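coords_33.cif (mmCIF, C-alpha atoms and all ligand atoms) appears below.
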data_my_file
#
loop_
_atom_site.label_atom_id
_atom_site.label_comp_id
_atom_site.auth_asym_id
_atom_site.auth_seq_id
_atom_site.Cartn_x
_atom_site.Cartn_y
_atom_site.Cartn_z
CA GLN A 1 27.22 -98.53 -52.83
CA PRO A 2 28.46 -95.69 -55.05
CA HIS A 3 29.23 -96.75 -58.60
CA ILE A 4 32.29 -94.52 -58.91
CA ALA A 5 34.54 -94.91 -55.86
CA TYR A 6 37.99 -95.85 -54.62
CA GLN A 7 38.71 -99.45 -53.79
CA GLY A 8 42.04 -99.41 -52.02
CA ASP A 9 44.25 -97.09 -54.03
CA GLN A 10 42.29 -97.48 -57.26
CA LEU A 11 39.44 -95.29 -58.47
CA MET A 12 36.90 -97.66 -60.00
CA VAL A 13 33.82 -97.31 -62.15
CA GLU A 14 31.75 -100.30 -61.09
CA CYS A 15 34.23 -103.22 -61.29
CA VAL A 16 36.68 -101.58 -63.70
CA ARG A 17 39.89 -99.76 -62.75
CA LEU A 18 40.17 -96.35 -64.35
CA SER A 19 43.96 -96.63 -64.48
CA ASP A 20 43.55 -99.69 -66.74
CA LEU A 21 41.12 -97.87 -69.04
CA ALA A 22 43.46 -94.88 -69.36
CA ARG A 23 46.37 -97.19 -70.26
CA GLU A 24 44.34 -99.13 -72.77
CA HIS A 25 42.40 -96.33 -74.48
CA GLY A 26 44.49 -93.22 -73.85
CA THR A 27 43.32 -89.86 -72.56
CA PRO A 28 41.26 -87.69 -72.50
CA LEU A 29 38.68 -90.42 -72.00
CA PHE A 30 35.11 -90.23 -70.78
CA VAL A 31 33.96 -93.21 -68.71
CA TYR A 32 30.34 -93.75 -67.71
CA SER A 33 28.65 -96.16 -65.31
CA LYS A 34 25.49 -97.76 -66.63
CA ALA A 35 24.43 -98.72 -63.08
CA ALA A 36 24.79 -95.10 -61.95
CA MET A 37 22.49 -93.95 -64.77
CA LEU A 38 19.91 -96.59 -63.96
CA SER A 39 20.03 -95.81 -60.26
CA ALA A 40 19.48 -92.08 -60.95
CA LEU A 41 16.53 -93.07 -63.13
CA ALA A 42 15.20 -95.35 -60.40
CA ALA A 43 14.87 -92.40 -58.00
CA TYR A 44 12.39 -90.80 -60.41
CA GLN A 45 10.63 -94.12 -61.03
CA ARG A 46 10.15 -94.57 -57.27
CA GLY A 47 8.79 -91.04 -57.06
CA PHE A 48 6.20 -91.84 -59.74
CA ALA A 49 5.13 -95.27 -58.49
CA GLY A 50 1.38 -95.66 -59.01
CA ARG A 51 1.16 -92.60 -61.27
CA LYS A 52 0.83 -92.13 -65.00
CA ALA A 53 4.25 -90.71 -65.75
CA GLN A 54 6.62 -90.58 -68.70
CA ILE A 55 10.27 -89.74 -68.11
CA CYS A 56 11.70 -88.06 -71.20
CA TYR A 57 15.49 -87.94 -70.84
CA ALA A 58 16.71 -84.51 -72.03
CA MET A 59 19.30 -85.89 -74.40
CA LYS A 60 21.20 -82.63 -74.77
CA ALA A 61 22.92 -83.54 -71.50
CA ASN A 62 24.65 -86.52 -73.12
CA SER A 63 23.54 -87.67 -76.52
CA THR A 64 26.00 -90.48 -77.23
CA LEU A 65 24.10 -93.33 -78.91
CA ALA A 66 24.90 -96.00 -76.34
CA VAL A 67 23.83 -93.67 -73.51
CA LEU A 68 20.52 -93.06 -75.28
CA GLN A 69 20.19 -96.82 -75.71
CA VAL A 70 20.46 -97.33 -71.93
CA PHE A 71 17.51 -95.00 -71.37
CA ALA A 72 15.47 -96.28 -74.33
CA ASP A 73 15.87 -99.86 -73.06
CA ALA A 74 14.77 -98.67 -69.60
CA GLY A 75 11.50 -97.39 -71.11
CA CYS A 76 12.29 -93.69 -71.24
CA GLY A 77 11.09 -91.21 -73.78
CA PHE A 78 13.30 -88.33 -74.88
CA ASP A 79 13.24 -84.55 -74.92
CA THR A 80 14.86 -83.36 -78.14
CA VAL A 81 15.71 -79.86 -79.32
CA SER A 82 16.77 -80.29 -82.94
CA GLY A 83 16.28 -82.42 -86.01
CA GLY A 84 19.77 -83.72 -85.33
CA GLU A 85 18.83 -84.95 -81.87
CA LEU A 86 15.69 -86.54 -83.29
CA ALA A 87 17.68 -88.44 -85.93
CA ARG A 88 20.23 -89.47 -83.32
CA VAL A 89 17.71 -90.79 -80.81
CA LEU A 90 15.84 -92.75 -83.47
CA ALA A 91 19.19 -94.30 -84.48
CA ALA A 92 19.55 -95.41 -80.86
CA GLY A 93 16.22 -97.23 -81.02
CA ALA A 94 13.85 -94.77 -79.33
CA ASP A 95 10.10 -95.05 -79.78
CA PRO A 96 9.13 -91.88 -81.71
CA ALA A 97 5.78 -91.76 -79.89
CA LYS A 98 7.71 -91.09 -76.67
CA VAL A 99 9.75 -88.24 -78.15
CA ILE A 100 8.94 -84.62 -77.46
CA PHE A 101 10.43 -81.66 -79.30
CA SER A 102 11.31 -78.50 -77.35
CA GLY A 103 13.12 -75.33 -78.34
CA VAL A 104 12.40 -71.73 -79.34
CA GLY A 105 13.65 -71.99 -82.92
CA LYS A 106 12.26 -75.06 -84.65
CA THR A 107 12.58 -74.79 -88.41
CA ARG A 108 9.87 -75.87 -90.87
CA ALA A 109 12.15 -78.70 -92.01
CA GLU A 110 12.53 -79.93 -88.43
CA MET A 111 8.78 -79.76 -87.85
CA LYS A 112 8.19 -81.77 -91.01
CA GLN A 113 10.76 -84.39 -90.04
CA ALA A 114 9.22 -84.74 -86.56
CA LEU A 115 5.66 -84.97 -87.90
CA GLN A 116 6.64 -87.58 -90.45
CA VAL A 117 8.25 -89.87 -87.91
CA GLY A 118 5.28 -89.37 -85.58
CA ILE A 119 6.73 -87.81 -82.43
CA GLY A 120 4.52 -87.61 -79.37
CA CYS A 121 4.36 -83.89 -78.79
CA PHE A 122 5.78 -80.50 -79.73
CA ASN A 123 6.53 -78.15 -76.85
CA VAL A 124 5.71 -74.86 -78.52
CA GLU A 125 7.44 -71.75 -77.22
CA SER A 126 5.70 -68.83 -79.01
CA GLU A 127 2.47 -67.85 -80.72
CA ALA A 128 4.29 -67.37 -84.02
CA GLU A 129 5.54 -70.96 -83.81
CA LEU A 130 1.94 -72.18 -83.40
CA ASP A 131 0.98 -70.70 -86.76
CA VAL A 132 3.96 -72.18 -88.56
CA LEU A 133 3.54 -75.63 -87.00
CA SER A 134 -0.15 -75.69 -87.92
CA GLU A 135 0.70 -74.72 -91.50
CA VAL A 136 3.34 -77.45 -91.80
CA ALA A 137 1.00 -80.07 -90.32
CA VAL A 138 -1.86 -79.10 -92.66
CA SER A 139 0.48 -79.32 -95.65
CA LEU A 140 1.25 -82.93 -94.64
CA ASN A 141 -2.37 -83.72 -93.86
CA LEU A 142 -1.41 -84.40 -90.25
CA LYS A 143 -2.22 -82.96 -86.87
CA ALA A 144 0.56 -81.92 -84.52
CA SER A 145 0.05 -82.67 -80.84
CA VAL A 146 1.12 -79.59 -78.92
CA SER A 147 1.89 -78.51 -75.44
CA LEU A 148 2.62 -74.84 -74.77
CA ARG A 149 5.70 -74.03 -72.78
CA VAL A 150 4.65 -71.42 -70.27
CA ASN A 151 7.05 -69.20 -68.41
CA PRO A 152 6.00 -69.07 -64.76
CA ASN A 153 8.34 -66.16 -63.92
CA VAL A 154 10.02 -67.84 -60.97
CA ASP A 155 13.68 -67.55 -60.09
CA ALA A 156 15.36 -70.96 -60.16
CA LYS A 157 18.29 -69.44 -58.23
CA THR A 158 20.92 -70.91 -60.49
CA HIS A 159 23.60 -69.54 -62.85
CA PRO A 160 22.05 -66.84 -65.10
CA TYR A 161 23.08 -68.70 -68.27
CA ILE A 162 21.06 -71.74 -67.23
CA SER A 163 18.05 -70.03 -65.66
CA THR A 164 15.13 -70.12 -68.07
CA GLY A 165 11.88 -69.42 -66.22
CA LEU A 166 12.21 -65.68 -65.69
CA LYS A 167 10.39 -63.01 -67.64
CA GLY A 168 13.56 -61.75 -69.27
CA ASN A 169 14.39 -65.18 -70.73
CA LYS A 170 13.79 -66.08 -74.36
CA PHE A 171 11.96 -69.27 -73.38
CA GLY A 172 8.27 -70.06 -73.18
CA ILE A 173 5.11 -68.00 -73.31
CA ALA A 174 4.57 -65.45 -70.53
CA HIS A 175 2.10 -66.59 -67.87
CA GLU A 176 -0.31 -63.74 -68.63
CA ASP A 177 -0.31 -64.50 -72.38
CA ALA A 178 -0.81 -68.23 -71.93
CA LEU A 179 -4.60 -68.37 -72.05
CA ARG A 180 -4.71 -66.32 -75.25
CA ALA A 181 -2.06 -68.58 -76.79
CA TYR A 182 -4.07 -71.69 -75.85
CA ARG A 183 -7.21 -70.24 -77.47
CA HIS A 184 -5.17 -69.47 -80.54
CA ALA A 185 -3.72 -73.01 -80.61
CA ALA A 186 -7.15 -74.58 -80.20
CA SER A 187 -8.43 -72.59 -83.19
CA LEU A 188 -5.74 -73.75 -85.61
CA PRO A 189 -6.59 -76.60 -88.02
CA GLY A 190 -3.24 -78.41 -87.87
CA LEU A 191 -2.92 -78.59 -84.08
CA GLN A 192 -4.29 -80.73 -81.30
CA VAL A 193 -3.70 -79.28 -77.84
CA VAL A 194 -2.64 -82.05 -75.47
CA GLY A 195 -0.59 -80.53 -72.68
CA ILE A 196 1.18 -77.79 -70.85
CA ASP A 197 4.83 -77.58 -70.00
CA CYS A 198 7.36 -75.53 -68.15
CA HIS A 199 11.08 -75.69 -67.45
CA ILE A 200 12.57 -73.10 -65.15
CA GLY A 201 16.30 -73.74 -65.33
CA SER A 202 19.07 -76.18 -64.72
CA GLN A 203 21.27 -77.25 -61.77
CA ILE A 204 18.43 -76.28 -59.42
CA THR A 205 19.32 -77.24 -55.86
CA GLU A 206 16.32 -75.81 -53.98
CA THR A 207 12.79 -77.14 -53.73
CA THR A 208 10.94 -73.82 -53.43
CA PRO A 209 11.29 -72.65 -57.06
CA TYR A 210 9.80 -75.97 -58.18
CA LEU A 211 6.88 -75.71 -55.77
CA ASP A 212 6.19 -72.12 -56.86
CA ALA A 213 6.36 -73.05 -60.53
CA MET A 214 3.97 -75.97 -59.99
CA ASP A 215 1.43 -73.67 -58.33
CA ARG A 216 1.64 -71.27 -61.26
CA VAL A 217 1.29 -74.06 -63.83
CA LEU A 218 -1.68 -75.60 -62.06
CA ASP A 219 -3.38 -72.19 -61.86
CA LEU A 220 -3.12 -72.06 -65.63
CA VAL A 221 -4.42 -75.60 -66.10
CA GLY A 222 -7.56 -74.51 -64.24
CA GLU A 223 -7.98 -71.40 -66.39
CA ILE A 224 -7.33 -73.20 -69.67
CA GLU A 225 -9.74 -76.01 -68.90
CA ALA A 226 -12.37 -73.50 -67.78
CA ALA A 227 -12.02 -72.03 -71.28
CA GLY A 228 -12.99 -75.45 -72.67
CA ILE A 229 -9.53 -76.69 -73.67
CA PRO A 230 -8.69 -80.01 -71.97
CA ILE A 231 -5.11 -80.54 -70.78
CA GLN A 232 -4.20 -84.22 -70.90
CA HIS A 233 -0.65 -84.01 -69.66
CA ILE A 234 1.45 -81.80 -67.47
CA ASP A 235 5.14 -81.67 -68.43
CA PHE A 236 7.16 -80.16 -65.64
CA GLY A 237 10.52 -79.98 -67.41
CA GLY A 238 13.87 -80.94 -65.95
CA GLY A 239 16.47 -78.97 -64.08
CA LEU A 240 17.13 -80.93 -60.92
CA GLY A 241 20.72 -80.30 -59.86
CA ILE A 242 23.46 -82.71 -58.84
CA ASN A 243 26.21 -82.63 -56.25
CA TYR A 244 29.31 -81.15 -57.86
CA ASN A 245 30.95 -79.74 -54.76
CA GLY A 246 28.87 -80.28 -51.66
CA ASP A 247 25.63 -79.17 -53.38
CA THR A 248 22.56 -80.63 -51.74
CA PRO A 249 19.73 -80.83 -54.26
CA PRO A 250 16.60 -82.68 -53.16
CA GLU A 251 16.38 -86.36 -54.14
CA ALA A 252 14.14 -86.87 -57.16
CA ASP A 253 11.63 -89.01 -55.25
CA ALA A 254 11.43 -86.62 -52.29
CA LEU A 255 10.97 -83.64 -54.60
CA TRP A 256 8.20 -85.41 -56.49
CA ALA A 257 6.44 -86.44 -53.29
CA GLN A 258 5.99 -82.73 -52.61
CA LEU A 259 5.04 -81.85 -56.18
CA LEU A 260 2.56 -84.71 -56.46
CA ALA A 261 0.95 -83.59 -53.21
CA LYS A 262 0.19 -80.31 -54.96
CA LEU A 263 -1.34 -82.14 -57.91
CA ASP A 264 -3.40 -84.32 -55.59
CA ALA A 265 -4.64 -81.33 -53.61
CA ARG A 266 -6.11 -79.88 -56.78
CA GLY A 267 -7.53 -83.13 -58.09
CA TYR A 268 -4.93 -83.55 -60.86
CA GLY A 269 -3.24 -86.56 -59.28
CA GLN A 270 -4.23 -88.98 -62.02
CA ARG A 271 -3.20 -86.74 -64.92
CA GLN A 272 -0.43 -87.92 -67.19
CA ILE A 273 2.82 -86.40 -65.92
CA MET A 274 5.91 -85.90 -68.05
CA ILE A 275 9.34 -84.72 -67.05
CA GLU A 276 12.51 -83.86 -68.94
CA PRO A 277 15.50 -84.51 -66.69
CA GLY A 278 18.95 -84.38 -68.20
CA ARG A 279 21.82 -83.64 -65.83
CA SER A 280 20.35 -85.52 -62.86
CA LEU A 281 20.27 -88.78 -64.86
CA VAL A 282 23.82 -88.72 -66.23
CA GLY A 283 25.91 -86.00 -64.57
CA ASN A 284 27.33 -88.05 -61.73
CA ALA A 285 27.47 -91.22 -63.82
CA GLY A 286 30.57 -90.09 -65.71
CA VAL A 287 34.17 -88.99 -65.29
CA CYS A 288 36.74 -87.62 -67.69
CA LEU A 289 40.24 -89.08 -67.41
CA THR A 290 43.14 -86.82 -68.27
CA GLU A 291 46.91 -87.22 -68.05
CA VAL A 292 49.20 -84.72 -66.40
CA LEU A 293 51.58 -83.47 -69.10
CA TYR A 294 53.66 -80.91 -67.24
CA LEU A 295 53.94 -79.26 -63.87
CA LYS A 296 54.84 -75.61 -64.22
CA PRO A 297 55.62 -73.93 -60.91
CA GLY A 298 55.45 -70.16 -60.83
CA GLU A 299 55.77 -67.19 -58.54
CA GLN A 300 52.04 -66.49 -58.37
CA LYS A 301 50.52 -69.74 -59.59
CA ASN A 302 51.52 -73.32 -60.04
CA PHE A 303 50.06 -74.85 -63.16
CA CYS A 304 49.22 -78.48 -63.68
CA ILE A 305 48.91 -78.85 -67.44
CA VAL A 306 46.76 -81.78 -68.50
CA ASP A 307 45.75 -83.24 -71.86
CA ALA A 308 42.02 -82.42 -71.54
CA ALA A 309 40.94 -78.88 -72.32
CA MET A 310 38.01 -76.52 -72.69
CA ASN A 311 37.05 -78.24 -75.93
CA ASP A 312 36.48 -81.47 -73.95
CA LEU A 313 35.19 -79.92 -70.71
CA PRO A 314 33.65 -76.55 -71.58
CA ARG A 315 31.71 -75.97 -68.35
CA PRO A 316 34.44 -74.28 -66.27
CA ALA A 317 35.26 -71.82 -69.08
CA MET A 318 31.59 -71.15 -69.86
CA TYR A 319 30.01 -71.00 -66.41
CA GLN A 320 32.95 -70.96 -64.00
CA ALA A 321 31.61 -74.41 -63.09
CA PHE A 322 33.31 -76.50 -60.42
CA HIS A 323 34.22 -80.13 -61.06
CA GLN A 324 36.14 -82.16 -58.51
CA ILE A 325 39.47 -83.43 -59.79
CA VAL A 326 41.07 -86.47 -58.15
CA PRO A 327 43.93 -88.86 -58.95
CA VAL A 328 42.87 -92.28 -60.27
CA THR A 329 45.71 -93.80 -58.22
CA PRO A 330 46.59 -91.54 -55.29
CA ARG A 331 50.29 -91.30 -54.55
CA ALA A 332 51.53 -92.73 -51.28
CA GLY A 333 50.83 -90.37 -48.44
CA SER A 334 47.54 -88.71 -49.00
CA VAL A 335 45.60 -86.86 -51.62
CA THR A 336 45.57 -83.55 -49.85
CA ALA A 337 48.37 -83.65 -47.27
CA ASP A 338 51.64 -82.33 -48.70
CA GLY A 339 49.86 -81.46 -51.91
CA THR A 340 50.70 -78.40 -53.93
CA VAL A 341 48.05 -75.91 -54.95
CA TYR A 342 47.64 -75.89 -58.73
CA ASP A 343 45.47 -74.41 -61.40
CA ILE A 344 44.64 -77.35 -63.61
CA VAL A 345 44.67 -76.16 -67.19
CA GLY A 346 44.51 -77.60 -70.69
CA PRO A 347 46.67 -77.10 -73.78
CA VAL A 348 44.25 -74.76 -75.58
CA CYS A 349 45.59 -71.29 -76.34
CA GLU A 350 43.27 -69.24 -74.13
CA SER A 351 43.55 -68.14 -70.53
CA GLY A 352 39.94 -69.26 -70.13
CA ASP A 353 41.08 -72.83 -70.72
CA TRP A 354 41.07 -74.04 -67.15
CA ILE A 355 39.43 -77.07 -65.59
CA GLY A 356 39.98 -76.35 -61.91
CA LYS A 357 41.48 -73.50 -59.92
CA ASP A 358 43.48 -73.60 -56.69
CA ARG A 359 43.31 -77.35 -56.21
CA GLN A 360 45.57 -79.09 -53.77
CA LEU A 361 47.03 -82.19 -55.38
CA GLN A 362 50.00 -84.46 -55.04
CA VAL A 363 50.85 -85.21 -58.65
CA ALA A 364 53.66 -85.80 -61.10
CA ALA A 365 53.80 -85.74 -64.88
CA GLY A 366 52.29 -88.94 -66.26
CA ASP A 367 49.70 -89.28 -63.50
CA VAL A 368 46.09 -89.73 -64.55
CA LEU A 369 43.44 -87.50 -62.98
CA ALA A 370 39.68 -87.98 -63.05
CA VAL A 371 37.44 -84.96 -63.53
CA LEU A 372 34.26 -85.95 -61.71
CA SER A 373 30.59 -85.22 -62.48
CA ALA A 374 31.47 -85.19 -66.18
CA GLY A 375 28.55 -87.24 -67.48
CA ALA A 376 26.35 -84.25 -68.38
CA TYR A 377 27.03 -81.30 -70.67
CA CYS A 378 30.65 -82.24 -71.29
CA MET A 379 30.92 -84.58 -74.28
CA SER A 380 27.66 -83.22 -75.72
CA MET A 381 29.17 -79.71 -75.67
CA ALA A 382 32.65 -80.73 -76.82
CA SER A 383 34.15 -79.00 -79.84
CA ASN A 384 37.14 -79.33 -82.15
CA TYR A 385 38.67 -75.98 -81.18
CA ASN A 386 42.43 -75.97 -81.81
CA THR A 387 41.78 -78.94 -84.15
CA ARG A 388 41.59 -81.25 -81.20
CA GLY A 389 39.74 -84.45 -81.95
CA ARG A 390 36.99 -85.24 -79.50
CA ALA A 391 37.69 -87.77 -76.76
CA ALA A 392 36.78 -91.45 -76.76
CA GLU A 393 33.99 -92.75 -74.51
CA ILE A 394 33.58 -95.96 -72.53
CA LEU A 395 30.40 -97.37 -70.99
CA VAL A 396 31.07 -99.63 -68.03
CA ASP A 397 28.53 -102.30 -67.16
CA GLY A 398 29.71 -104.38 -64.21
CA THR A 399 33.04 -105.90 -65.21
CA LYS A 400 32.65 -104.98 -68.88
CA ALA A 401 34.00 -101.81 -70.46
CA HIS A 402 32.48 -101.07 -73.87
CA LEU A 403 34.11 -98.57 -76.20
CA ILE A 404 31.06 -96.54 -77.29
CA ARG A 405 32.81 -93.79 -79.22
CA GLN A 406 36.20 -93.91 -80.88
CA ARG A 407 38.63 -91.09 -80.39
CA GLU A 408 38.31 -88.60 -83.24
CA SER A 409 41.45 -88.31 -85.36
CA ALA A 410 42.81 -85.09 -86.78
CA PHE A 411 41.71 -86.35 -90.20
CA ASP A 412 38.12 -86.79 -88.91
CA THR A 413 38.07 -83.13 -87.90
CA PHE A 414 38.69 -81.90 -91.47
CA ALA A 415 37.19 -84.76 -93.46
CA LEU A 416 34.23 -82.69 -94.70
CA GLU A 417 36.37 -79.80 -95.89
CA GLN A 418 37.55 -79.04 -99.41
CA LEU A 419 40.46 -77.10 -100.89
CA VAL A 420 39.55 -74.75 -103.73
N1 LIG A 501 14.04 -79.36 -70.75
C1 LIG A 501 14.36 -78.19 -71.35
C2 LIG A 501 13.34 -77.48 -72.12
C3 LIG A 501 15.66 -77.67 -71.21
O1 LIG A 501 15.96 -76.51 -71.77
C4 LIG A 501 16.63 -78.38 -70.46
C5 LIG A 501 18.00 -77.88 -70.32
C6 LIG A 501 16.25 -79.61 -69.88
C7 LIG A 501 14.94 -80.06 -70.03
C8 LIG A 501 17.18 -80.45 -69.06
O2 LIG A 501 17.65 -79.77 -67.94
P1 LIG A 501 18.53 -80.54 -66.84
O3 LIG A 501 17.64 -81.57 -66.20
O4 LIG A 501 19.67 -81.14 -67.55
O5 LIG A 501 18.94 -79.46 -65.93
N2 LIG A 501 24.92 -76.53 -70.52
C9 LIG A 501 24.45 -76.14 -69.22
C10 LIG A 501 23.03 -76.63 -68.96
C11 LIG A 501 22.04 -76.11 -69.99
C12 LIG A 501 20.64 -76.64 -69.76
C13 LIG A 501 19.73 -76.26 -70.89
N3 LIG A 501 18.41 -76.79 -70.82
C14 LIG A 501 25.42 -76.68 -68.16
O6 LIG A 501 26.41 -77.32 -68.53
O7 LIG A 501 25.25 -76.45 -66.97
#
How would this structure read if it were set down as structure tokens?
Ligand code: LLP
Amino acid sequence: QPHIAYQGDQLMVECVRLSDLAREHGTPLFVYSKAAMLSALAAYQRGFAGRKAQICYAMKANSTLAVLQVFADAGCGFDTVSGGELARVLAAGADPAKVIFSGVGKTRAEMKQALQVGIGCFNVESEAELDVLSEVAVSLNLKASVSLRVNPNVDAKTHPYISTGLKGNKFGIAHEDALRAYRHAASLPGLQVVGIDCHIGSQITETTPYLDAMDRVLDLVGEIEAAGIPIQHIDFGGGLGINYNGDTPPEADALWAQLLAKLDARGYGQRQIMIEPGRSLVGNAGVCLTEVLYLKPGEQKNFCIVDAAMNDLPRPAMYQAFHQIVPVTPRAGSVTADGTVYDIVGPVCESGDWIGKDRQLQVAAGDVLAVLSAGAYCMSMASNYNTRGRAAEILVDGTKAHLIRQRESAFDTFALEQLV
């Protein structure tokens, strides 16, 4: 039973009508299904049954406090990439021991903050970072647990902006430099080597890049341990794609059955495993509701101008990403028959401000549309461009709809500013 689906002529999130939410809270409005998040999580949990595994939700995908709370309550750890994310996830009730800290540009202040709250592990991305982290840890009389992010040089076959495991990317330590970096880490007084990690990209829809990356990582585990440095955990990153438009990524449990077979074959089956999924846990658990403001027919293009824009939904403008767009209450007749082909665009003053191109829809001004697959990398990437306040957010749990973020007012957007 899908958690976001039509019942009769009403698009529902669990037991709540989206048309009611739009009327009550206004638009643009993000609406998430708690059950959809938990069911995405359950696919990973099934995959790891009987294993030592820690799922660290990559909170950059959607970092709203109540969303973090759902995953914290479900026992997840978190992958963070800034001091801001760390503060945010602790405010949501996360256990710091289950937090890991990734990213190529951690500052000394962020390292200090993370050491002081006692995070579980730093995913270190360069040799220079090792030296700085050791120095910071020594100055606090602490030891930092580290895992080195290695770059396996495999092509994740995804959009170039979200591919991270190739040699030309800024991420991780090159495969051939990894052993030297591990020796270096093991020699530093402020560090305790605990793991290895890799992350090859995002919106990955094929299994092969994962299998290749796992082989490369396990080769390194063998070499590093032969050099006398034990590897307690293997963190295999995130990146599993979702279905935006007929995409067919592997299911999390099926993918992990294949990956775990590789671990078993090399005798690493009982190692602690960690993963950092983001999009696959929240992407298809959310929609963005937007109202049609104007229809603007033209000679070359018909435009459907809506009240959500690139500041709310930046993925189309940034990556030419596709999101399905459907009416919350389809007009009599059918969704596609007799529809007109529109470019669905927002009010922001840029031609790049589009949400969908060449979509057949039967709509009128005042209708509410739902932009699907909007749970990941939408609200967390939203901005105030054009002094547009960020949207409100609702978390649906069964029949209950909780307002989890108020709509930002214009005043909120300039509250920290000062005239001279
Ligand atoms: N771990 C690391 C180290 C990462 O860099 C990322 C994502 C993840 C985990 C989670 O990846 P996921 O499971 O969500 O694919 N804004 C882009 C996606 C950027 C992903 C960046 N790193 C988009 O909207 O498509």
Wanna dump the chain A-ligand LIG 501 (chain A) contacts at 7 Å for me, each residue with its shortest atom pair and the distance in Å to one decimal, counting all atoms listed in the file, ordered by chain and number, as JSON lines?
{"residue": "A:Ala58", "atom": "CA", "partner": "A:LIG501", "partner_atom": "C8", "distance": 5.1}
{"residue": "A:Ala61", "atom": "CA", "partner": "A:LIG501", "partner_atom": "O4", "distance": 5.7}
{"residue": "A:Asp79", "atom": "CA", "partner": "A:LIG501", "partner_atom": "N1", "distance": 6.7}
{"residue": "A:Ser102", "atom": "CA", "partner": "A:LIG501", "partner_atom": "C2", "distance": 5.7}
{"residue": "A:Gly103", "atom": "CA", "partner": "A:LIG501", "partner_atom": "C2", "distance": 6.6}
{"residue": "A:Ile162", "atom": "CA", "partner": "A:LIG501", "partner_atom": "C11", "distance": 5.3}
{"residue": "A:His199", "atom": "CA", "partner": "A:LIG501", "partner_atom": "C2", "distance": 5.5}
{"residue": "A:Gly201", "atom": "CA", "partner": "A:LIG501", "partner_atom": "O5", "distance": 6.3}
{"residue": "A:Ser202", "atom": "CA", "partner": "A:LIG501", "partner_atom": "O5", "distance": 3.5}
{"residue": "A:Gln203", "atom": "CA", "partner": "A:LIG501", "partner_atom": "O5", "distance": 5.3}
{"residue": "A:Gly237", "atom": "CA", "partner": "A:LIG501", "partner_atom": "N1", "distance": 4.9}
{"residue": "A:Gly238", "atom": "CA", "partner": "A:LIG501", "partner_atom": "O3", "distance": 3.8}
{"residue": "A:Gly239", "atom": "CA", "partner": "A:LIG501", "partner_atom": "O5", "distance": 3.1}
{"residue": "A:Leu240", "atom": "CA", "partner": "A:LIG501", "partner_atom": "O3", "distance": 5.3}
{"residue": "A:Gly241", "atom": "CA", "partner": "A:LIG501", "partner_atom": "O5", "distance": 6.4}
{"residue": "A:Glu276", "atom": "CA", "partner": "A:LIG501", "partner_atom": "C7", "distance": 4.6}
{"residue": "A:Pro277", "atom": "CA", "partner": "A:LIG501", "partner_atom": "O3", "distance": 3.7}
{"residue": "A:Gly278", "atom": "CA", "partner": "A:LIG501", "partner_atom": "O4", "distance": 3.4}
{"residue": "A:Arg279", "atom": "CA", "partner": "A:LIG501", "partner_atom": "O4", "distance": 3.7}
{"residue": "A:Ser280", "atom": "CA", "partner": "A:LIG501", "partner_atom": "O3", "distance": 5.8}
{"residue": "A:Arg315", "atom": "CA", "partner": "A:LIG501", "partner_atom": "O6", "distance": 5.5}
{"residue": "A:Ala376", "atom": "CA", "partner": "A:LIG501", "partner_atom": "O6", "distance": 6.9}
{"residue": "A:Tyr377", "atom": "CA", "partner": "A:LIG501", "partner_atom": "O6", "distance": 4.6}
Query raised in the report: What does the distance between atom CA of A:Phe414 and atom CA of A:Gly26 come to in Å, to one decimal place?
Result: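 Pair atom CA of A:Phe414 / atom CA of A:Gly26 returns 21.7 Å.
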Report task. Kindly extract all protein, DNA and RNA residues lying within 7 Å of the coordinates (-3.2, -81.7, -75.1) given in the file, considering all atoms listed in the file, and supply them as number ranges by chain. Result -> A: 145-147, 192-195, 230-233
Output C-alpha atoms for every residue in the selection just made, as a PDB file, in the frame of the given file.
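Full text of part.pdb as output:
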ATOM      1  CA  SER A 145       0.050 -82.670 -80.840  1.00  0.00           C
ATOM      2  CA  VAL A 146       1.120 -79.590 -78.920  1.00  0.00           C
ATOM      3  CA  SER A 147       1.890 -78.510 -75.440  1.00  0.00           C
ATOM      4  CA  GLN A 192      -4.290 -80.730 -81.300  1.00  0.00           C
ATOM      5  CA  VAL A 193      -3.700 -79.280 -77.840  1.00  0.00           C
ATOM      6  CA  VAL A 194      -2.640 -82.050 -75.470  1.00  0.00           C
ATOM      7  CA  GLY A 195      -0.590 -80.530 -72.680  1.00  0.00           C
ATOM      8  CA  PRO A 230      -8.690 -80.010 -71.970  1.00  0.00           C
ATOM      9  CA  ILE A 231      -5.110 -80.540 -70.780  1.00  0.00           C
ATOM     10  CA  GLN A 232      -4.200 -84.220 -70.900  1.00  0.00           C
ATOM     11  CA  HIS A 233      -0.650 -84.010 -69.660  1.00  0.00           C
TER      12      HIS A 233
END
Requested in this report: Using atom CA of A:Gly168 and atom CA of A:Met111 as the two end points, give the distance in Å to one decimal.
Outcome: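 Atom-to-atom, atom CA of A:Gly168 and atom CA of A:Met111 are spaced 26.3 Å apart.
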Query - Protein/DNA/RNA residues near (11.6, -97.2, -75.0), cut 12 Å, all atoms listed in the file, as a list in words - result: Gln54, Ile55, Cys56, Tyr57, Leu68, Gln69, Val70, Phe71, Ala72, Asp73, Ala74, Gly75, Cys76, Gly77, Phe78, Val89, Leu90, Ala92, Gly93, Ala94, Asp95, Pro96, Ala97, Lys98 and Val99 of chain A
